[in-house]
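Source file final18.cif; content: mmCIF, C-alpha atoms.
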```
data_work
loop_
_atom_site.label_atom_id
_atom_site.label_comp_id
_atom_site.auth_asym_id
_atom_site.auth_seq_id
_atom_site.Cartn_x
_atom_site.Cartn_y
_atom_site.Cartn_z
CA MET A 157 79.02 107.39 93.72
CA ILE A 158 82.67 108.34 94.11
CA HIS A 159 84.25 111.13 92.13
CA LEU A 160 88.04 111.46 91.89
CA VAL A 161 88.71 115.17 91.41
CA THR A 162 92.17 116.42 90.51
CA PRO A 163 92.37 119.37 88.00
CA SER A 164 92.65 122.75 89.73
CA ALA A 165 92.86 121.04 93.10
CA ARG A 166 96.29 119.76 92.12
CA ALA A 167 97.62 123.30 92.10
CA LEU A 168 96.00 124.17 95.41
CA GLY A 169 97.08 120.92 97.04
CA THR A 170 93.59 119.79 98.10
CA SER A 171 90.62 118.04 96.61
CA LEU A 172 87.35 116.58 97.79
CA LEU A 173 85.96 113.11 97.45
CA ARG A 174 82.24 112.94 98.19
CA ARG A 175 80.50 109.62 98.68
CA ARG A 176 76.69 109.64 98.80
CA GLN A 177 74.97 106.87 100.74
CA GLN A 178 71.59 106.32 102.39
CA PRO A 179 70.66 109.05 104.91
CA SER A 180 71.49 106.77 107.83
CA GLN A 181 74.93 106.13 106.39
CA GLN A 182 75.90 109.58 105.16
CA LEU A 183 79.64 110.09 105.02
CA LEU A 184 81.86 112.92 103.87
CA SER A 185 85.39 111.89 102.95
CA THR A 186 88.20 114.33 102.33
CA ILE A 187 91.06 113.74 99.98
CA SER A 188 94.21 115.67 100.71
CA ILE A 189 96.78 115.94 97.94
CA ARG A 190 100.19 116.29 99.53
CA ARG A 191 103.71 116.92 98.33
CA GLY A 192 102.41 118.50 95.10
CA PHE A 193 100.89 115.27 93.77
CA ALA A 194 97.72 113.35 94.50
CA SER A 195 98.00 111.12 97.54
CA LEU A 196 94.44 110.20 98.39
CA HIS A 197 93.89 110.55 102.10
CA VAL A 198 90.46 109.21 103.01
CA GLU A 199 89.03 110.04 106.41
CA ASP A 200 85.82 109.11 108.16
CA GLU A 201 84.69 108.61 111.73
CA THR A 202 86.17 105.13 112.03
CA GLN A 203 89.23 104.91 109.82
CA HIS A 204 92.24 106.84 108.65
CA CYS A 205 94.07 105.53 105.61
CA SER A 206 96.12 106.77 102.66
CA HIS A 207 95.76 105.97 99.00
CA HIS A 208 98.65 105.88 96.52
CA ASN A 209 98.94 105.30 92.79
CA LEU A 210 102.23 103.49 92.21
CA LEU A 211 103.52 102.97 88.67
CA ILE A 212 106.28 100.49 87.85
CA LEU A 213 108.30 101.00 84.68
CA GLY A 214 110.64 98.40 83.24
CA LYS A 215 111.92 97.08 79.96
CA PRO A 216 110.46 93.85 78.55
CA GLY A 217 112.44 91.02 80.09
CA GLY A 218 113.83 93.33 82.76
CA GLY A 219 112.23 91.69 85.80
CA LYS A 220 109.25 94.01 86.18
CA GLY A 221 106.91 91.10 86.83
CA THR A 222 109.22 89.67 89.48
CA ILE A 223 109.55 93.00 91.30
CA SER A 224 105.79 93.60 91.11
CA GLY A 225 105.15 90.21 92.67
CA LYS A 226 107.50 90.95 95.55
CA ILE A 227 105.86 94.34 96.16
CA LEU A 228 102.42 92.73 96.31
CA ARG A 229 103.76 90.13 98.74
CA ASP A 230 105.31 92.67 101.09
CA PHE A 231 102.84 95.55 100.73
CA SER A 232 99.35 94.09 100.97
CA GLN A 233 97.72 97.53 100.67
CA PHE A 234 98.47 97.57 96.94
CA ARG A 235 96.03 96.27 94.36
CA HIS A 236 97.70 95.07 91.15
CA VAL A 237 96.34 96.62 87.96
CA SER A 238 97.89 94.92 84.93
CA THR A 239 96.12 96.71 82.11
CA GLY A 240 96.85 93.94 79.61
CA ASP A 241 95.33 91.25 81.86
CA GLU A 242 92.39 93.47 82.79
CA LEU A 243 91.64 94.28 79.17
CA ARG A 244 91.57 90.59 78.24
CA GLN A 245 89.30 89.88 81.20
CA HIS A 246 86.85 92.62 80.18
CA VAL A 247 86.74 91.17 76.66
CA ARG A 248 86.19 87.62 77.96
CA ASN A 249 83.43 88.77 80.32
CA GLY A 250 81.71 90.78 77.59
CA THR A 251 81.51 93.98 79.65
CA ASP A 252 80.58 97.26 77.97
CA LEU A 253 84.22 98.30 78.22
CA GLY A 254 85.33 94.95 76.83
CA LYS A 255 82.96 95.20 73.88
CA GLU A 256 84.22 98.69 73.11
CA ALA A 257 87.83 97.54 73.26
CA LYS A 258 87.12 94.43 71.16
CA ASN A 259 85.78 96.56 68.33
CA TYR A 260 89.18 98.24 68.05
CA MET A 261 91.10 94.99 68.50
CA ASP A 262 89.07 93.19 65.83
CA ALA A 263 89.80 96.05 63.45
CA GLY A 264 93.52 95.64 64.11
CA CYS A 265 93.72 98.97 65.92
CA LEU A 266 95.26 99.90 69.25
CA VAL A 267 92.77 100.36 72.08
CA PRO A 268 92.49 104.17 72.57
CA ASP A 269 93.91 105.78 75.68
CA ASP A 270 90.51 106.95 76.90
CA VAL A 271 89.23 103.36 76.99
CA MET A 272 92.29 102.25 78.97
CA ILE A 273 91.82 105.17 81.38
CA LYS A 274 88.19 104.19 81.97
CA MET A 275 89.42 100.76 82.99
CA VAL A 276 92.06 102.15 85.35
CA MET A 277 89.58 104.56 86.89
CA GLY A 278 87.18 101.71 87.59
CA ASP A 279 89.92 100.03 89.62
CA ALA A 280 90.77 103.34 91.31
CA VAL A 281 87.23 103.82 92.56
CA GLU A 282 87.06 100.25 93.86
CA ALA A 283 90.44 100.65 95.55
CA VAL A 284 89.33 103.81 97.37
CA LYS A 285 86.19 102.02 98.55
CA THR A 286 88.26 99.20 100.06
CA GLY A 287 91.07 101.40 101.35
CA GLN A 288 93.61 99.95 98.89
CA SER A 289 96.29 101.63 96.79
CA LEU A 290 97.01 100.91 93.11
CA LEU A 291 100.07 99.28 91.57
CA LEU A 292 99.85 100.24 87.89
CA ASP A 293 101.58 97.81 85.54
CA GLY A 294 101.52 98.43 81.80
CA PHE A 295 99.88 101.84 81.65
CA PRO A 296 100.80 104.59 81.10
CA ARG A 297 103.56 103.62 78.68
CA THR A 298 104.02 106.96 76.89
CA MET A 299 104.10 110.64 77.69
CA GLU A 300 100.76 111.19 75.97
CA GLN A 301 99.11 108.47 78.05
CA ALA A 302 100.57 109.89 81.28
CA VAL A 303 99.22 113.37 80.56
CA ALA A 304 95.80 111.94 79.68
CA LEU A 305 95.72 109.83 82.85
CA ASP A 306 96.71 112.85 84.96
CA LYS A 307 93.40 114.51 84.09
CA ASN A 308 91.67 111.78 86.07
CA LEU A 309 94.19 110.21 88.42
CA ASP A 310 97.59 111.32 89.67
CA VAL A 311 100.46 108.86 89.87
CA ASP A 312 102.33 109.83 93.04
CA LEU A 313 104.99 107.08 93.22
CA VAL A 314 107.02 105.71 90.29
CA ILE A 315 109.58 102.89 90.29
CA ASN A 316 111.83 102.85 87.22
CA LEU A 317 113.82 99.64 86.74
CA CYS A 318 116.89 100.34 84.65
CA ILE A 319 118.46 97.07 83.49
CA PRO A 320 121.29 97.13 80.90
CA ASN A 321 120.13 96.13 77.42
CA GLU A 322 123.01 93.66 77.18
CA THR A 323 121.74 91.79 80.23
CA ILE A 324 118.21 91.55 78.86
CA ILE A 325 119.36 90.47 75.39
CA GLU A 326 121.49 87.73 76.90
CA ARG A 327 118.68 86.63 79.22
CA ILE A 328 116.02 86.45 76.51
CA SER A 329 118.17 85.11 73.68
CA ASP A 330 119.18 82.17 75.90
CA ARG A 331 115.51 81.08 75.90
CA TRP A 332 114.56 78.14 73.67
CA ILE A 333 111.28 76.23 73.54
CA HIS A 334 109.82 72.87 72.61
CA PRO A 335 106.91 73.92 70.36
CA ALA A 336 104.72 70.84 70.82
CA SER A 337 104.65 70.95 74.63
CA GLY A 338 105.46 74.59 75.33
CA ARG A 339 108.36 73.61 77.60
CA VAL A 340 110.79 76.48 78.00
CA TYR A 341 114.53 76.17 78.56
CA ASN A 342 117.11 78.82 79.29
CA TYR A 343 120.80 78.18 78.81
CA SER A 344 121.62 80.62 81.59
CA TYR A 345 119.83 78.84 84.43
CA LYS A 346 117.62 75.99 83.11
CA PRO A 347 119.44 74.33 80.21
CA PRO A 348 118.27 71.14 78.50
CA LYS A 349 120.14 67.93 79.36
CA VAL A 350 121.28 67.70 75.75
CA THR A 351 122.03 70.91 73.90
CA GLY A 352 119.26 71.73 71.45
CA LYS A 353 117.03 68.79 72.47
CA ASP A 354 113.86 68.54 74.57
CA ASP A 355 114.45 66.60 77.79
CA GLU A 356 111.38 64.37 77.42
CA THR A 357 111.03 63.76 73.70
CA GLY A 358 114.50 64.44 72.34
CA GLU A 359 112.91 66.61 69.66
CA PRO A 360 114.67 69.79 68.49
CA LEU A 361 114.23 73.03 70.41
CA VAL A 362 113.52 76.25 68.54
CA GLN A 363 114.03 79.91 69.27
CA ARG A 364 111.06 82.21 68.79
CA GLU A 365 111.63 85.04 66.34
CA ASP A 366 110.96 87.58 69.09
CA ASP A 367 113.67 86.00 71.27
CA LYS A 368 116.48 86.41 68.72
CA PRO A 369 119.07 89.04 69.76
CA GLU A 370 118.34 91.41 66.87
CA SER A 371 114.59 91.31 67.59
CA VAL A 372 115.11 91.88 71.31
CA LEU A 373 117.38 94.86 70.63
CA LYS A 374 114.80 96.50 68.35
CA ARG A 375 112.11 96.03 70.98
CA LEU A 376 114.30 97.56 73.68
CA GLN A 377 115.18 100.53 71.48
CA LYS A 378 111.47 101.20 70.87
CA TYR A 379 110.83 100.99 74.60
CA ASP A 380 113.61 103.49 75.34
CA GLU A 381 112.27 105.92 72.74
CA ALA A 382 108.75 105.78 74.17
CA THR A 383 109.69 105.76 77.84
CA SER A 384 112.50 108.34 78.07
CA PRO A 385 110.07 111.31 77.87
CA LEU A 386 107.84 109.56 80.42
CA VAL A 387 110.74 109.20 82.85
CA ARG A 388 111.60 112.90 82.46
CA TYR A 389 107.95 113.80 83.00
CA TYR A 390 107.84 112.04 86.37
CA GLU A 391 111.28 113.38 87.29
CA GLU A 392 109.90 116.90 86.87
CA LYS A 393 107.02 115.97 89.17
CA GLY A 394 109.52 114.65 91.74
CA VAL A 395 107.83 111.28 92.18
CA ILE A 396 110.18 108.81 90.45
CA GLN A 397 113.04 106.69 91.76
CA THR A 398 115.33 104.76 89.41
CA PHE A 399 116.90 101.46 90.43
CA ARG A 400 119.83 100.05 88.46
CA GLY A 401 121.21 96.53 88.40
CA THR A 402 121.15 93.18 86.68
CA MET A 403 119.45 90.90 89.23
CA SER A 404 115.97 91.31 90.72
CA ASP A 405 116.98 89.75 94.04
CA VAL A 406 119.66 92.43 94.43
CA ILE A 407 117.50 95.33 93.24
CA TYR A 408 114.39 94.53 95.25
CA PRO A 409 115.77 95.26 98.75
CA GLU A 410 116.51 98.80 97.52
CA VAL A 411 113.00 99.08 96.08
CA LYS A 412 111.47 97.84 99.33
CA GLY A 413 113.56 100.25 101.40
CA TRP A 414 112.48 103.21 99.27
CA LEU A 415 108.81 102.23 99.43
CA ASP A 416 109.03 101.72 103.20
CA ASP A 417 110.44 105.24 103.53
CA GLN A 418 107.77 106.79 101.29
CA LEU A 419 104.91 105.11 103.11
CA ALA A 420 106.38 105.84 106.55
CA GLU A 421 106.71 109.52 105.63
CA ASP A 422 103.08 109.52 104.53
CA ASP A 423 101.91 107.84 107.74
CA ALA A 424 103.88 110.34 109.83
CA SER A 425 102.33 113.33 108.07
CA ALA A 426 98.89 111.77 108.38
CA THR A 427 99.12 111.71 112.17
CA VAL A 428 100.06 115.38 112.44
#
```
Let me see the structure of the file written as structure tokens.
Amino acid sequence: MIHLVTPSARALGTSLLRRRQQPSQQLLSTISIRRGFASLHVEDETQHCSHHNLLILGKPGGGKGTISGKILRDFSQFRHVSTGDELRQHVRNGTDLGKEAKNYMDAGCLVPDDVMIKMVMGDAVEAVKTGQSLLLDGFPRTMEQAVALDKNLDVDLVINLCIPNETIIERISDRWIHPASGRVYNYSYKPPKVTGKDDETGEPLVQREDDKPESVLKRLQKYDEATSPLVRYYEEKGVIQTFRGTMSDVIYPEVKGWLDDQLAEDDASATV
């Protein structure tokens, strides 16, 4: 059994992770929390590795998925935790956690934070066992969720993607679909051959209600309201880096450089 311990240890800068095995395989692992936040540093007789909890923040339509994919490609130590995907998987598989979540979903209620945290912690324990770090995508989204998560797991690296609302509105509102087939067109980079018509059937394209400029703007405003306190929270902890721009291919090299520096610093301190 693995216990992730953070409360008072966060103030002292150290914490212990004890893993109990069969007598012939007994192992004591130590978790060191450095730089004032939890960076899990697992040691045993044969390996020396570091564990991080990386959160990526980004507006809907702001390229968060693209940047996450590039991080996972270039930093194989990270395990992707998309809470939305994981929640759906738990429900499909009929796990105890999935059944609990489904009760709320069927009642038209939001899944409570404590249920989401249980799911994240399950991934955290598995990641520590395999020597992986976590890339958190989709949770926490609010200040309240961040504080609740901190009681169990510290986020020690945060990437904040700051894309202008105008860019996102233009990008999403240029998206039109062919309802029958699900084919998606975008007038910015993948336009139909004939304006307003599906390439294969010639049938009219439609714009989803959520893709209309006024709907996109409302969604972005709600995101800003919920996320601004969260950004300040991680700024006060000194673990967040904001990246500004309009194109993921331009932003990502800066993200990669920052992550390289953070992980290199951690590796250097681990060898001291």
request  = Quote the spacing between CA of Glu392 in chain A and CA of Pro268 in chain A in Å to one decimal place.
outcome  =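 If I compute the distance from CA of Glu392 in chain A to CA of Pro268 in chain A, I get 25.9 Å.
With only C-alpha atoms as the atoms that count, the residue of A:Val311, A:Leu386, A:Leu376, A:Leu305 with the shortest distance to Lys274 in chain A is A:Leu305.
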message = Please list as JSON, numbers by chain every residue within 12 Å of Leu373 in chain A, counting all atoms listed in the file and excluding residues in the same chain fewer than 3 positions away.
response = {"A": [215, 216, 217, 320, 321, 322, 323, 324, 325, 326, 327, 328, 329, 366, 367, 368, 369, 370, 376, 377, 378, 379, 380]}
ask   = What is the distance between CA of Asp269 in chain A and CA of Gln301 in chain A, in Å to one decimal?
value =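 If I compute the distance from CA of Asp269 in chain A to CA of Gln301 in chain A, I get 6.3 Å.
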request  = Go through A:Asp241, A:Glu356, A:Asp312, A:Asp279 one by one, measure the shortest atom-to-atom distance of each to Ile396 in chain A using only C-alpha atoms, and give the residue with the smallest value.
outcome  =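 Using only C-alpha atoms, Ile396 in chain A sits closest to A:Asp312.
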ask   = Could you write out as a list in words the residues that the PyMOL selection byres ((chain A and resi 353) around 12) matches in the shown file?
value =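 So the PyMOL selection byres ((chain A and resi 353) around 12) ends up selecting Trp332, Ile333, His334, Pro335, Arg339, Val340, Tyr341, Tyr343, Pro347, Pro348, Lys349, Val350, Thr351, Gly352, Asp354, Asp355, Glu356, Thr357, Gly358, Glu359, Pro360, Leu361, Val362 and Gln363 of chain A.
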query = Between A:Val387, A:Val271, A:Ile212, A:Met277, which one has atoms that come closest to Thr298 in chain A, using only C-alpha atoms?
reply =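 Of all the options, A:Val387 lies closest to Thr298 in chain A.
Distance-wise, CA of Arg248 in chain A and CA of Met275 in chain A end up 14.4 Å apart.
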